[in-house]
>>> print(open('entry-v9.txt').read())   # compact mmCIF, C-alpha atoms
# COMPACT_ATOMS: atom_id res chain seq x y z
CA MET A 212 59.24 54.75 43.98
CA SER A 213 62.71 53.79 45.22
CA ASP A 214 64.89 51.29 43.36
CA GLN A 215 64.46 48.80 46.19
CA LYS A 216 60.66 49.03 46.08
CA LYS A 217 60.77 48.66 42.28
CA SER A 218 62.89 45.53 42.67
CA ARG A 219 60.49 44.08 45.28
CA THR A 220 57.51 44.80 43.06
CA LEU A 221 59.18 43.19 40.04
CA ILE A 222 60.10 40.10 42.04
CA ASN A 223 56.51 39.80 43.28
CA ILE A 224 55.01 40.24 39.79
CA LEU A 225 57.29 37.58 38.30
CA GLY A 226 57.82 35.32 41.28
CA ILE A 227 54.31 34.78 42.63
CA PRO A 228 52.78 33.42 39.39
CA PHE A 229 55.89 31.29 38.87
CA LEU A 230 55.59 29.79 42.36
CA ILE A 231 51.85 29.21 42.00
CA SER A 232 52.35 27.40 38.70
CA ALA A 233 55.15 25.30 40.21
CA ILE A 234 52.92 24.23 43.11
CA TYR A 235 50.05 23.51 40.72
CA PHE A 236 52.05 21.31 38.33
CA GLY A 237 54.21 19.73 41.03
CA GLY A 238 56.44 16.82 40.07
CA PHE A 239 59.76 17.55 38.42
CA TYR A 240 58.87 21.23 37.98
CA PHE A 241 58.24 21.90 41.66
CA SER A 242 61.02 19.62 42.93
CA THR A 243 63.58 21.32 40.68
CA LEU A 244 62.54 24.72 42.01
CA ILE A 245 62.91 23.65 45.65
CA TYR A 246 66.20 21.83 45.07
CA LEU A 247 67.51 24.94 43.34
CA ALA A 248 66.44 26.96 46.38
CA ILE A 249 68.25 24.47 48.63
CA LEU A 250 71.42 24.76 46.55
CA ILE A 251 71.31 28.56 46.64
CA GLY A 252 70.56 28.45 50.37
CA ILE A 253 73.65 26.31 50.97
CA LEU A 254 75.86 28.73 49.06
CA GLU A 255 74.32 31.73 50.83
CA PHE A 256 74.93 30.19 54.24
CA ARG A 257 78.49 29.24 53.30
CA ARG A 258 79.21 32.80 52.19
CA ILE A 259 77.90 34.54 55.31
CA CYS A 260 79.61 32.00 57.60
CA LYS A 261 82.91 32.60 55.84
CA GLY A 262 82.78 36.23 56.98
CA LYS A 263 83.14 34.94 60.56
CA GLU A 264 85.89 32.48 59.56
CA ILE A 265 83.57 29.49 59.75
CA TYR A 266 84.30 27.25 56.79
CA ILE A 267 81.48 24.89 55.81
CA GLN A 268 82.43 21.68 54.00
CA LEU A 269 80.56 21.63 50.70
CA ILE A 270 81.41 18.09 49.55
CA PRO A 271 79.63 16.25 52.42
CA ILE A 272 76.67 18.61 52.09
CA PHE A 273 76.37 17.90 48.36
CA ILE A 274 76.64 14.15 49.01
CA ALA A 275 73.79 14.44 51.52
CA LEU A 276 71.76 16.50 49.05
CA ILE A 277 72.25 13.91 46.28
CA LEU A 278 71.10 11.15 48.66
CA ILE A 279 68.03 13.24 49.52
CA ILE A 280 67.22 13.81 45.85
CA LEU A 281 67.58 10.08 45.16
CA ASN A 282 65.63 9.26 48.34
CA SER A 283 68.47 6.92 49.26
CA TYR A 284 69.42 8.12 52.72
CA ASN A 285 69.13 6.30 56.03
CA ILE A 286 70.67 6.43 59.49
CA GLU A 287 73.76 4.56 58.32
CA SER A 288 74.44 6.95 55.44
CA LEU A 289 74.09 9.96 57.74
CA PHE A 290 76.47 8.30 60.19
CA ILE A 291 79.05 7.82 57.40
CA ILE A 292 78.66 11.44 56.27
CA SER A 293 79.26 12.61 59.86
CA ILE A 294 82.46 10.54 60.01
CA LEU A 295 83.51 12.02 56.66
CA ILE A 296 82.95 15.55 57.97
CA GLY A 297 85.01 14.95 61.10
CA THR A 298 87.81 13.17 59.24
CA TYR A 299 88.00 15.76 56.47
CA GLU A 300 88.26 18.57 59.00
CA ILE A 301 91.40 17.01 60.46
CA PHE A 302 93.26 17.49 57.17
CA ARG A 303 91.74 20.84 56.08
CA LYS A 304 93.98 22.94 58.33
CA LYS A 305 91.24 25.52 58.75
CA GLU A 306 90.68 27.57 61.88
CA ASN A 307 87.66 26.95 64.14
CA PRO A 308 87.34 23.21 63.38
CA ILE A 309 84.54 22.60 65.90
CA SER A 310 82.49 25.44 64.43
CA ASN A 311 83.23 24.15 60.93
CA ILE A 312 82.05 20.63 61.77
CA GLY A 313 78.97 21.77 63.69
CA THR A 314 77.91 24.31 61.06
CA THR A 315 78.35 21.77 58.24
CA ILE A 316 76.09 19.28 60.01
CA PHE A 317 73.62 22.06 60.84
CA THR A 318 73.51 23.06 57.16
CA ILE A 319 72.65 19.50 56.13
CA VAL A 320 69.80 19.35 58.64
CA TRP A 321 68.48 22.93 58.47
CA VAL A 322 68.78 23.62 54.75
CA CYS A 323 68.81 20.24 53.03
CA PHE A 324 66.57 17.99 55.12
CA PHE A 325 64.10 20.54 56.45
CA MET A 326 63.52 22.22 53.08
CA ASN A 327 63.10 18.82 51.43
CA TYR A 328 59.92 18.37 53.48
CA ILE A 329 58.31 21.00 51.24
CA ILE A 330 58.69 18.56 48.36
CA LEU A 331 57.44 15.63 50.45
CA ILE A 332 54.28 17.57 51.26
CA ARG A 333 53.68 18.39 47.59
CA ASN A 334 54.17 14.71 46.71
CA ILE A 335 51.39 13.54 49.03
CA PRO A 336 48.93 11.67 46.76
CA GLU A 337 45.74 13.47 45.69
CA GLN A 338 45.89 16.37 48.17
CA GLY A 339 49.56 17.36 47.99
CA MET A 340 48.90 20.41 45.84
CA LEU A 341 46.15 21.73 48.12
CA LEU A 342 48.13 21.06 51.31
CA THR A 343 51.11 22.87 49.83
CA PHE A 344 48.99 25.87 48.91
CA VAL A 345 47.63 25.96 52.46
CA MET A 346 51.17 25.96 53.84
CA PHE A 347 52.51 28.70 51.58
CA LEU A 348 49.42 30.90 51.94
CA SER A 349 49.36 30.50 55.73
CA VAL A 350 53.01 31.44 56.13
CA TRP A 351 52.60 34.37 53.74
CA ILE A 352 49.54 35.65 55.62
CA CYS A 353 51.36 35.33 58.94
CA ASP A 354 54.42 37.22 57.68
CA THR A 355 52.33 39.93 56.04
CA LEU A 356 50.05 40.61 59.02
CA ALA A 357 52.91 40.40 61.51
CA PHE A 358 54.86 42.98 59.51
CA PHE A 359 51.90 45.31 58.93
CA PHE A 360 50.49 45.41 62.46
CA GLY A 361 53.91 45.20 64.08
CA SER A 362 55.35 48.12 62.12
CA LYS A 363 52.20 50.26 62.37
CA PHE A 364 51.02 49.66 65.91
CA GLY A 365 53.47 47.39 67.71
CA GLU A 366 55.58 48.75 70.53
CA LYS A 367 56.66 46.00 72.91
CA LYS A 368 59.47 43.95 71.37
CA ILE A 369 59.63 40.17 71.65
CA LEU A 370 63.34 39.47 71.34
CA PRO A 371 65.01 42.83 70.64
CA LYS A 372 68.54 41.39 70.81
CA ILE A 373 67.72 38.93 68.05
CA SER A 374 65.16 40.76 65.93
CA PRO A 375 64.67 44.36 67.07
CA ASN A 376 61.76 45.10 64.72
CA LYS A 377 59.46 42.24 65.75
CA THR A 378 56.77 43.03 68.30
CA TRP A 379 54.29 41.04 70.35
CA LEU A 380 51.38 42.72 68.58
CA GLY A 381 52.76 41.84 65.17
CA SER A 382 53.44 38.24 66.15
CA ILE A 383 49.99 37.74 67.69
CA SER A 384 48.34 39.41 64.68
CA GLY A 385 50.15 36.99 62.36
CA PHE A 386 48.99 33.98 64.36
CA ILE A 387 45.38 35.19 64.55
CA GLY A 388 45.40 35.81 60.80
CA VAL A 389 46.56 32.24 60.14
CA LEU A 390 43.99 30.88 62.58
CA VAL A 391 41.13 32.76 60.91
CA PHE A 392 42.33 31.79 57.42
CA ASN A 393 42.52 28.08 58.23
CA PHE A 394 39.15 28.05 59.99
CA ILE A 395 37.58 29.70 56.94
CA LEU A 396 39.09 26.97 54.76
CA LEU A 397 37.64 24.31 57.06
CA LYS A 398 34.24 25.99 57.43
CA PHE A 399 33.65 26.39 53.70
CA ASN A 400 35.60 23.26 52.66
CA ILE A 401 37.68 25.33 50.26
CA LEU A 402 40.96 23.46 50.44
CA TYR A 403 40.57 20.89 53.21
CA GLN A 404 38.76 18.04 51.49
CA GLU A 405 36.23 15.88 53.32
CA ASN A 406 38.01 12.59 52.65
CA TYR A 407 40.77 13.61 55.05
CA ASN A 408 38.30 14.32 57.87
CA PHE A 409 40.07 17.42 59.14
CA THR A 410 38.74 18.59 62.48
CA VAL A 411 38.81 21.86 64.39
CA PHE A 412 41.62 20.35 66.47
CA ASP A 413 43.69 19.64 63.34
CA VAL A 414 43.18 23.15 62.00
CA LEU A 415 44.19 24.61 65.36
CA ASN A 416 47.41 22.60 65.24
CA PHE A 417 48.06 23.66 61.65
CA SER A 418 47.67 27.27 62.77
CA ILE A 419 50.18 26.72 65.56
CA ILE A 420 52.62 25.20 63.07
CA PHE A 421 52.29 28.03 60.53
CA GLY A 422 51.63 30.91 62.92
CA ILE A 423 54.00 30.09 65.79
CA ILE A 424 56.59 27.54 64.68
CA GLY A 425 56.90 29.40 61.36
CA GLN A 426 57.69 32.61 63.25
CA LEU A 427 60.25 30.72 65.34
CA GLY A 428 61.93 29.80 62.06
CA ASP A 429 62.11 33.50 61.28
CA PHE A 430 63.65 34.19 64.68
CA LEU A 431 66.14 31.37 64.21
CA GLU A 432 67.43 32.83 60.97
CA SER A 433 67.51 36.32 62.52
CA MET A 434 69.61 34.95 65.39
CA ILE A 435 72.01 33.33 62.93
CA LYS A 436 72.35 36.52 60.87
CA ARG A 437 72.94 38.61 63.99
CA GLU A 438 75.63 36.20 65.12
CA LEU A 439 77.25 36.42 61.68
CA ASN A 440 76.74 40.20 61.53
CA VAL A 441 74.82 40.30 58.24
CA LYS A 442 71.51 41.94 57.33
CA ASP A 443 70.41 39.50 54.62
CA SER A 444 71.45 35.97 53.72
CA GLY A 445 71.93 37.05 50.10
CA THR A 446 70.93 39.43 47.33
CA ILE A 447 69.56 37.10 44.67
CA LEU A 448 65.98 38.27 45.28
CA GLN A 449 66.44 42.00 44.81
CA GLY A 450 64.64 43.88 47.58
CA HIS A 451 63.76 40.62 49.37
CA GLY A 452 67.20 39.47 50.47
CA GLY A 453 68.28 35.91 49.86
CA VAL A 454 66.56 32.56 49.53
CA LEU A 455 67.01 31.77 53.22
CA ASP A 456 65.39 35.11 54.10
CA ARG A 457 62.28 34.13 52.12
CA MET A 458 62.17 30.50 53.23
CA ASP A 459 63.07 30.84 56.92
CA SER A 460 59.51 30.33 58.21
CA LEU A 461 58.88 27.37 55.91
CA ILE A 462 62.14 25.70 56.91
CA LEU A 463 60.77 24.93 60.38
CA ALA A 464 57.05 24.80 59.53
CA ALA A 465 57.31 22.28 56.68
CA PRO A 466 58.80 19.34 58.62
CA CYS A 467 56.36 19.90 61.51
CA TYR A 468 53.43 20.02 59.06
CA TYR A 469 54.55 16.84 57.32
CA ILE A 470 55.14 14.98 60.57
CA TYR A 471 51.68 15.95 61.80
CA LEU A 472 50.02 14.90 58.55
CA LYS A 473 51.83 11.56 58.44
CA PHE A 474 52.13 10.44 62.04
CA ILE A 475 49.17 12.12 63.72
CA MET A 476 46.64 11.98 60.90
CA GLY A 477 48.03 8.91 59.13
CA ILE A 478 48.26 10.56 55.69
CA ASN A 479 50.82 8.69 53.63
CA GLY A 480 53.27 10.77 51.60
>>> encode(input="entry-v9.txt", output="structure tokens")
Amino acid sequence: MSDQKKSRTLINILGIPFLISAIYFGGFYFSTLIYLAILIGILEFRRICKGKEIYIQLIPIFIALILIILNSYNIESLFIISILIGTYEIFRKKENPISNIGTTIFTIVWVCFFMNYIILIRNIPEQGMLLTFVMFLSVWICDTLAFFFGSKFGEKKILPKISPNKTWLGSISGFIGVLVFNFILLKFNILYQENYNFTVFDVLNFSIIFGIIGQLGDFLESMIKRELNVKDSGTILQGHGGVLDRMDSLILAAPCYYIYLKFIMGING
């Protein structure tokens, strides 16, 4: 077994039980884990952007993150942070100021706000733990089946200029896997509890969120890495890349999942 495969196996053996326990216990334990992932994701993104002479402003990002942690943000605070970013850039004397400003704001939205929705889902009263397990398992199933069938049998590429290894067969296989998994959960009432009155229509939409929007999150990160000319966002997860590499699907799926649960189904988080 190669060193890389050994590292991947070790990460899986240690990481999966740790993640499961964090989801199960929730609260401070789970929130701390996700906020740590957000912090690492910010630093990863800053590092890979720096290679292209794009200099992200950390101070406004950390201010935004603190407001998110304290649940004290609103439109006005985001407006003030945007002014701070623009004003600070004037005096930084860095090259590519427009890219610096835009990438800083993008980091706040993409890494901080979108990943925070994972915590909001876990904090949903009564069913937060189960809904979070559904999300993580669905995304994992999609990624696993897409990789297996795409690498073994896939030929026609989806977006070869962005992600040359992803195929239509792999992507469709991932979506079908998520669809089947969620319908099994509904059919046998394994995770979707009756008091939420989930329907076939809801489960279909969940499958679209995890199986399609989640894959778009993967493509988005691949596009960013290709633009920045890097293979992985980081090396902290030996054999798995960086935090952003592992969370890319969840980063887009989580906010869509939460919005659907809250505004379409009326579940209060």
>>> residues_near_point(input="entry-v9.txt", point="(67.2, 20.3, 53.0)", cutoff="12 Å", atoms="all atoms listed in the file", output="PyMOL selection string")
chain A and resi 242+245-253+272-280+316-331+455+458-459+461-463+465-466
>>> residues_around(input="entry-v9.txt", residues="Leu439 in chain A", least_positions_apart="5", cutoff="10 Å", atoms="only C-alpha atoms", output="list in words")
Phe256, Ile259, Cys260, Lys261, Gly262, Lys263, Glu264, Ile265, Ser433, Met434 and Ser444 of chain A
>>> closest_residue(input="entry-v9.txt", among="A:Val391, A:Leu370, A:Leu289, A:Ile296", to="Leu431 in chain A", atoms="only C-alpha atoms")
A:Leu370
>>> residues_around(input="entry-v9.txt", residues="Ala357 in chain A", least_positions_apart="6", cutoff="9 Å", atoms="only C-alpha atoms", output="PDB file with C-alpha atoms, keeping the file's coordinate frame")
ATOM      1  CA  LYS A 377      59.460  42.240  65.750  1.00  0.00           C
ATOM      2  CA  THR A 378      56.770  43.030  68.300  1.00  0.00           C
ATOM      3  CA  TRP A 379      54.290  41.040  70.350  1.00  0.00           C
ATOM      4  CA  LEU A 380      51.380  42.720  68.580  1.00  0.00           C
ATOM      5  CA  GLY A 381      52.760  41.840  65.170  1.00  0.00           C
ATOM      6  CA  SER A 382      53.440  38.240  66.150  1.00  0.00           C
ATOM      7  CA  ILE A 383      49.990  37.740  67.690  1.00  0.00           C
ATOM      8  CA  SER A 384      48.340  39.410  64.680  1.00  0.00           C
ATOM      9  CA  GLY A 385      50.150  36.990  62.360  1.00  0.00           C
ATOM     10  CA  PHE A 386      48.990  33.980  64.360  1.00  0.00           C
ATOM     11  CA  GLY A 388      45.400  35.810  60.800  1.00  0.00           C
TER      12      GLY A 388
END
>>> closest_residue(input="entry-v9.txt", among="A:Gly226, A:Phe364, A:Phe347, A:Glu255", to="Gly445 in chain A", atoms="only C-alpha atoms")
A:Glu255
>>> closest_residue(input="entry-v9.txt", among="A:Ser349, A:Thr410, A:Asn479, A:Gln338", to="Ser460 in chain A", atoms="all atoms listed in the file")
A:Ser349
>>> atom_distance(input="entry-v9.txt", atom1="CA of Ile424 in chain A", atom2="CA of Phe474 in chain A")
17.9 Å
>>> atom_distance(input="entry-v9.txt", atom1="CA of Tyr471 in chain A", atom2="CA of Ile291 in chain A")
28.9 Å
>>> closest_residue(input="entry-v9.txt", among="A:Leu390, A:Asn307, A:Gly339, A:Pro271", to="Ser288 in chain A", atoms="all atoms listed in the file")
A:Pro271
>>> atom_distance(input="entry-v9.txt", atom1="CA of Tyr468 in chain A", atom2="CA of Asp354 in chain A")
17.3 Å
>>> closest_residue(input="entry-v9.txt", among="A:Ser283, A:Ser374, A:Ser418, A:Thr243", to="Lys442 in chain A", atoms="all atoms listed in the file")
A:Ser374
